[in-house]
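Inspection log for the structure reproduced underneath, given as structure tokens.
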Amino acid sequence: MTLSQAKAVFIWGTVSSAVILLALTYNSLSQIPQRTHEDRLDAQVASGKWVWQKHNCNDCHTILGIGGYYAPDLTKVMSYRDAGWMKRFLKDPEKVWPADRKMPNLHLTDQEITELTAFLGWVNGIDTNNWPPKPVAAAAATASEKPGEAVFKAQGCSACHTINGVGGKVGPDLTKVGGRRTKEWIEEQLKNPKSHNPDSIMPSYAKLPEKDREALVDYLSGLK
Amino acid sequence: MKYESQKIAYNYFVVATLLFGLQVIFGLITGAKYVWDFDPLLNILPFNTARAIHINLLVVWLLFGFMGGTYYIVPEEAKTEIYSPKLAQLQLWLFAAIGVTAIIGYIAGWSWGMPFLEQPTVLKIGIVVVALIFLFNVFMTMIKTKEWTVIQGVLLGGLVMLALLFLFGIFFMKNLTTQYYYWWWVIHLWVEGAWELITGSIMAFILLKLTGVDRELVEKWLYIEVGLVLFTGMAGTGHHYYWIGTPKYWLWVGAVFSALEPLPILFMVIDTLRDVKERKVEIENKLVLYWAVGGVVMHFFGAGVWGFAHTLPQINQWTHGTQITASHGHFAFFGAYVMLNLTMIYFALPQIKGVKVFNQGLGFKAFWTMNFFMIIMVLGLAVAGVIQTYFQRVLGMDYLTTQGFMRLWFAVFWVSAWGFAAGALMYIIDFFTMGRIQKSPAG
Ligand code: HEM
Ligand code: HEM
Ligand SMILES: [Fe+2]
């Protein structure tokens with residue numbers, strides 16, 4: 001091969017790939033608004049994105065799978081947490097989720113927290129081609145998931161409680177809680193933990209919708 | 001060394017070397033937080049701040065190295081002195097000042113908050129000014145004699161591409177998907193595009209000087225290598241557009257093009273080995289030869305093999321955003337760009353310092369120590385990543401519980417990182433003492 005032929009390889013290789021990238025970029029930009037439902041991207045979401053950047057959350061957490069690997073990916077966090085939990089957590093992470101690996105209290109204002117929650121809610125709706133994938137083992141299990149189990153996840157009870165070996169150790173293991181506590185007792189524990197232990201650090205779930213609390217109590221009292 | 005102004009490179013190499021040491025220290029701090037959950041620095045230097053400083057120092061010292069390398073190479077290629085040594089000096093101080101401000105800013109909580117691009121916008125504008133001064137100076141030097149060589153052309157092309165792409169990382173976009181779309185134009189198109197051009201050109205220069213093979217042969221291969229780098233790498237950006245809200249066709253485009261990315265890297269290995277085999281002059285500086293050959297081989301494994309391993313969407317959907325990525329990130333950056341910079345420095349430093357023969361013992365020790373421990377480090381992270389992928393993604397175990405199962409391998413990573421740090425220290429000592437301690441020639 002001569003030098004000028006090599007140069008031709010360089011020029012044509014570069015030009016053809018650049019054309020592909022630019023053409024697909026043009027097309028992608030036209031599809032992103034629908035795929036990310038930009039109509040729901042309001043001023044609050046945009047401010048939330050800036051709060052997210054300002055506090056550099058992304059160097060601990062991945063989002064869309066990109067960033068630091070030190071803390072849970074937050075792309076779909078609003079699929080299993082509700083806004084109430086999120087606001088309590090961001091106000092004081094340590095209190096709501098006393099895990100061994102800690103998220104610092106970033107002293108966010110109430111407004112910042114509301115904006116962040118809106119931002120995470122919007123991100124949750126991005127069409128990510130089904131990423132993260134459904135776990136192979138759990139795909140079979142979710143079909144049989146009880147409604148109460150979903151509430152247990154959304155409320156982050158496993159931050160303090162273990163069920164079947166998964167979860168935190170701040171509160172008692174709940175794998176067999178239905179064997180030692182009655183339905184009424186569990187319901188009371190949720191509404192007012194201080195009624196059983198005046199120094200309890202477990203947050204009260206009195207504000208949980210009636211339906212969710214019932215599902216949760218049914219689920220827990222069934223664990224024997 | 002033929003031109004007085006090539007000496008400018010020295011100051012750049014000094015800063016690069018010091019920042020390399022600092023980068024490793026911040027790596028050790030960041031890594032400790034994986035080994036022990038309890039973090040005494042939680043409110044002073046939390047993980048995110050330590051990580052930002054670690055990866056910023058990495059990119060910045062490599063850029064200092066590239067700039068120094070450019071100031072060393074261009075006079076020899078263009079057959080003239082640097083257009084303005086004063087500007088080069090100004091550029092160095094400006095860049096260093098911006099770097100220091102950025103680090104202090106991070107600790108004080110001043111951040112733009114996109115990984116690798118955490119620099120607040122004013123500082124980014126400062127960086128653009130630095131790049132403009134640099135490109136102006138380089139261009140004015142080249143145009144003085146109009147001795148256009150392919151090596152120069154590719155080098156300048158890589159530097160211009162590097163600077164232009166940075167612009168895509170400056171603007172705030174409301175849509176996170178769009179923001180990350182262009183973020184990858186900086187991150188991916190740098191390491192798998194612009195930086196590869198710079199690397200190809202610097203390697204071509206060093207091989208030419210070291211082995212005395214025909215320029216025509218070296219430049220022919222250079223064209224083909226960088227042509228293939230850009231052909232596979234530009235459309236290959238698609239391997240980052242699988243899951244971020246971008247259309248489905250990227251699964252195909254990204255997979256096909258990025259799967260070919262190891263090819264030009266393999267060519268670089270073959271090219272280097274052939275030049276060495278067919279050398280026309282005896283290679284006196286054996287240490288440079290080791291860094292050069294070791295570098296292309298580690299470049300191939302870290303970027304080519306480790307990159308290929310998770311580039312297909314069928315695999316990437318499970319491994320995306322796990323410690324597998326961290327393993328590849330360390331391996332590729334070390335093999336490709338740390339080793340290239342150290343090759344350049346070991347090539348240029350004796351000539352700048354005017355030492356004909358120097359004791360290469362410490363340099364060889366640094367070479368083997370860094371390489372050995374880096375391999376253990378990335379294997380440790382790879383095992384942690386496999387555990388994470390399987391437990392968390394395949395079995396559905398929650399994030400923090402899975403981290404507990406990975407701790408042993410974080411410990412393997414972190415302990416070997418101390419070994420790596422020892423190797424880095426040997427290099428730093430060697431850098432500053434070379435020529436000062438005159439001993440009998442070795443090797
Ligand atoms: C020797 C001591 C080192 C230690 C203990 C260390 C540790 C770490 C840690 C803990 C992270 C954060 C990963 C995460 O987010 O979970 C990181 C990121 C990173 N480090 Fe290091 N590092 C060291 C040296 C290096 C060197 C020499 C390089 C360059 C070759 C390097 C390149 C990187 C890169 C590119 C990232 C970002 C990775 C990614 O985004 O996937 N590190 N390092
Ligand atoms: C010298 C060249 C290279 C360097 C320095 C490098 C470095 C990196 C870094 C630092 C990341 C993590 C970015 C982040 O999310 O923070 C990354 C991701 C990635 N790299 Fe490379 N890389 C190189 C070449 C390659 C090549 C040649 C391939 C494919 C053949 C490849 C495939 C990938 C893939 C698939 C990811 C995404 C990982 C994920 O999904 O989390 N890389 N690379
Ligand atoms: Fe890439």
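Ordered as shown in the structure tokens, chains take letters A, B, and onward, while each chain numbers its residues from 1 and ligands are numbered from 1 in the order shown.
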Selection: 12 Å around Pro93 (chain A), only C-alpha atoms, excl. self and same-chain fewer than 2 positions, as number ranges by chain: A: 85-91, 95-108, 156, 159
Can you write out as CSV which residues of chain A fall within 10 Å of ligand 1, alongside each residue's closest atom pair and its distance in Å to one decimal, counting only C-alpha atoms and all ligand atoms and ordering rows by chain and ascending residue number?
residue,atom,partner,partner_atom_place_in_ligand_line,distance
A:Asn58,CA,ligand 1,15 (O),9.5
A:Asp59,CA,ligand 1,15 (O),6.7
A:Cys60,CA,ligand 1,15 (O),6.6
A:His61,CA,ligand 1,15 (O),8.2
A:Thr62,CA,ligand 1,15 (O),8.5
A:Ile66,CA,ligand 1,40 (O),7.6
A:Gly67,CA,ligand 1,40 (O),6.1
A:Gly68,CA,ligand 1,15 (O),3.4
A:Tyr69,CA,ligand 1,16 (O),3.8
A:Tyr70,CA,ligand 1,16 (O),5.1
A:Ala71,CA,ligand 1,16 (O),8.5
Gly179 (chain A): which residues within 8 Å, counting only C-alpha atoms, same-chain residues fewer than 6 positions away excluded, as JSON, numbers by chain? {"A": [221, 223, 224]}
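Using only C-alpha atoms and all ligand atoms for every distance, the candidate list A:Ile63, A:Asp173, A:Glu187, A:Leu220 yields A:Ile63 as the residue closest to ligand 2.
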What are the nearest atom pairs, with distances in Å to one decimal, for all residues of chain A that come at most 6 Å from chain B, using only C-alpha atoms, set out by chain and rising residue number as CSV?
residue,atom,partner,partner_atom,distance
A:Leu3,CA,B:Lys220,CA,5.2
A:Ala6,CA,B:Ile224,CA,5.6
A:Lys7,CA,B:Tyr223,CA,5.7
A:Phe10,CA,B:Gly227,CA,3.8
A:Gly13,CA,B:Phe231,CA,4.7
A:Thr14,CA,B:Phe231,CA,5.2
A:Ser17,CA,B:Phe231,CA,5.0
A:Leu21,CA,B:Ala235,CA,5.1
A:Ala46,CA,B:Lys174,CA,5.2
A:Gln53,CA,B:Gly113,CA,3.9
A:Lys54,CA,B:Gly113,CA,5.7
A:Asn56,CA,B:Gly113,CA,4.2
A:Asp59,CA,B:Asn48,CA,4.4
A:Cys60,CA,B:Asn48,CA,5.0
A:Leu64,CA,B:Ile244,CA,5.5
A:Gly65,CA,B:Gly321,CA,4.5
A:Ile66,CA,B:Gly321,CA,5.8
A:Gly67,CA,B:Pro115,CA,5.9
A:Pro72,CA,B:Tyr399,CA,6.0
A:Asp100,CA,B:Asp37,CA,5.8
A:Arg101,CA,B:Asp37,CA,4.7
A:Ile126,CA,B:Gly245,CA,5.8
A:Asp127,CA,B:Gly245,CA,5.2
A:Thr128,CA,B:Trp243,CA,4.6
A:Asn129,CA,B:Trp243,CA,5.8
A:Trp131,CA,B:Trp243,CA,5.9
A:Pro135,CA,B:Val394,CA,4.5
A:Val136,CA,B:Val394,CA,5.3
A:Ala137,CA,B:Leu395,CA,5.1
A:Ala138,CA,B:Gly396,CA,5.9
Pull N, CA and C atoms from the residues just selected and write them as a CSV table (one decimal), in the first residue's frame.
chain,number,residue,atom,x,y,z
A,3,LEU,N,1.6,5.5,0.4
A,3,LEU,CA,1.2,6.5,1.4
A,3,LEU,C,-0.2,7.2,1.0
A,6,ALA,N,-3.0,4.9,1.9
A,6,ALA,CA,-3.2,4.9,3.3
A,6,ALA,C,-4.0,6.2,3.7
A,7,LYS,N,-3.6,7.3,3.1
A,7,LYS,CA,-4.3,8.6,3.4
A,7,LYS,C,-5.8,8.5,3.0
A,10,PHE,N,-7.7,6.7,5.6
A,10,PHE,CA,-7.9,7.7,6.7
A,10,PHE,C,-9.1,8.6,6.4
A,13,GLY,N,-12.5,6.6,5.9
A,13,GLY,CA,-13.0,6.0,7.2
A,13,GLY,C,-13.5,7.1,8.1
A,14,THR,N,-12.8,8.2,8.2
A,14,THR,CA,-13.3,9.3,9.1
A,14,THR,C,-14.6,9.9,8.6
A,17,SER,N,-17.8,7.5,8.9
A,17,SER,CA,-18.2,7.3,10.3
A,17,SER,C,-18.8,8.6,10.9
A,21,LEU,N,-22.6,9.1,12.4
A,21,LEU,CA,-22.8,9.7,13.7
A,21,LEU,C,-23.7,10.9,13.7
A,46,ALA,N,-36.5,20.8,35.8
A,46,ALA,CA,-35.2,21.4,35.4
A,46,ALA,C,-34.4,21.9,36.6
A,53,GLN,N,-27.0,18.3,40.2
A,53,GLN,CA,-25.7,18.6,39.7
A,53,GLN,C,-24.9,19.4,40.8
A,54,LYS,N,-25.6,20.4,41.4
A,54,LYS,CA,-24.9,21.3,42.3
A,54,LYS,C,-24.3,20.5,43.5
A,56,ASN,N,-23.5,17.4,43.4
A,56,ASN,CA,-22.6,16.4,42.8
A,56,ASN,C,-23.1,15.0,43.3
A,59,ASP,N,-21.4,11.7,41.6
A,59,ASP,CA,-20.2,11.0,41.8
A,59,ASP,C,-20.3,10.0,42.9
A,60,CYS,N,-21.4,9.8,43.5
A,60,CYS,CA,-21.7,8.7,44.4
A,60,CYS,C,-22.6,7.7,43.7
A,64,LEU,N,-29.0,6.6,35.0
A,64,LEU,CA,-28.9,6.0,33.7
A,64,LEU,C,-27.7,5.1,33.6
A,65,GLY,N,-27.2,4.6,34.7
A,65,GLY,CA,-26.1,3.7,34.8
A,65,GLY,C,-24.7,4.4,34.7
A,66,ILE,N,-24.7,5.8,34.7
A,66,ILE,CA,-23.4,6.5,34.6
A,66,ILE,C,-23.1,7.2,35.9
A,67,GLY,N,-21.9,7.2,36.3
A,67,GLY,CA,-21.5,7.9,37.5
A,67,GLY,C,-20.7,7.1,38.5
A,72,PRO,N,-26.7,3.3,45.3
A,72,PRO,CA,-27.7,2.7,44.4
A,72,PRO,C,-27.9,3.5,43.2
A,100,ASP,N,-25.0,0.9,57.1
A,100,ASP,CA,-23.6,1.0,57.5
A,100,ASP,C,-22.9,2.0,56.6
A,101,ARG,N,-23.1,1.9,55.2
A,101,ARG,CA,-22.5,2.8,54.3
A,101,ARG,C,-23.5,4.0,54.2
A,126,ILE,N,-38.2,7.8,31.8
A,126,ILE,CA,-37.5,7.7,30.6
A,126,ILE,C,-37.5,6.3,30.0
A,127,ASP,N,-37.7,6.2,28.7
A,127,ASP,CA,-37.7,4.9,28.1
A,127,ASP,C,-36.3,4.4,27.9
A,128,THR,N,-35.8,3.5,28.8
A,128,THR,CA,-34.4,3.1,28.8
A,128,THR,C,-34.2,1.8,28.1
A,129,ASN,N,-35.1,1.4,27.2
A,129,ASN,CA,-35.0,0.1,26.6
A,129,ASN,C,-35.0,-1.0,27.6
A,131,TRP,N,-33.9,-1.0,30.7
A,131,TRP,CA,-32.8,-1.1,31.6
A,131,TRP,C,-33.1,-0.4,32.9
A,135,PRO,N,-34.4,-8.9,37.0
A,135,PRO,CA,-33.5,-10.0,37.4
A,135,PRO,C,-34.2,-11.3,37.0
A,136,VAL,N,-33.3,-12.3,36.5
A,136,VAL,CA,-33.9,-13.5,36.0
A,136,VAL,C,-34.6,-14.2,37.1
A,137,ALA,N,-34.0,-14.3,38.3
A,137,ALA,CA,-34.7,-15.0,39.4
A,137,ALA,C,-35.9,-14.3,39.9
A,138,ALA,N,-35.9,-13.0,39.9
A,138,ALA,CA,-37.0,-12.2,40.5
A,138,ALA,C,-38.2,-12.2,39.5
Name the closest residue to ligand 2 among the candidates B:Val281, B:Met426, B:Leu62, B:Ile270; distances are taken between atoms, counting only C-alpha atoms and all ligand atoms.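 Answer, going by the shortest atom-to-atom distance: B:Leu62.
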What is the CA of Gly294 (chain B)-CA of Leu155 (chain B) distance in Å, reported with one decimal? 21.9 Å
Pick from B:Leu123, B:Ala259, B:Leu90, B:Met140 nearest to ligand 2, counting only C-alpha atoms and all ligand atoms: B:Ala259
Within 6 Å of ligand 2, counting only C-alpha atoms and all ligand atoms, which protein or nucleic acid residues do you find, written as a ChimeraX atom specification? /A:66-67 /B:191-192,239-240,258-259,261-262,303-304,307-308,310-311,316,320-321,325,329,332-333,336
Top pick for closest residue to ligand 3, considering B:Gly254, B:Gly27, B:Gly99, B:Pro85 and counting only C-alpha atoms and all ligand atoms: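 For ligand 3, the nearest of the given residues is B:Gly254.
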Could you tell me which of B:Gly361, B:Gly354, B:Gly302, B:Gly193 comes closest to ligand 3 if we count only C-alpha atoms and all ligand atoms?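 When distances to ligand 3 are compared using only C-alpha atoms and all ligand atoms, the smallest one comes from B:Gly193.
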Which residue gives the smallest distance to ligand 3 among B:Trp306, B:Lys277, B:Tyr83, B:Met344, with only C-alpha atoms and all ligand atoms counted?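 Closest residue, counting only C-alpha atoms and all ligand atoms: B:Trp306.
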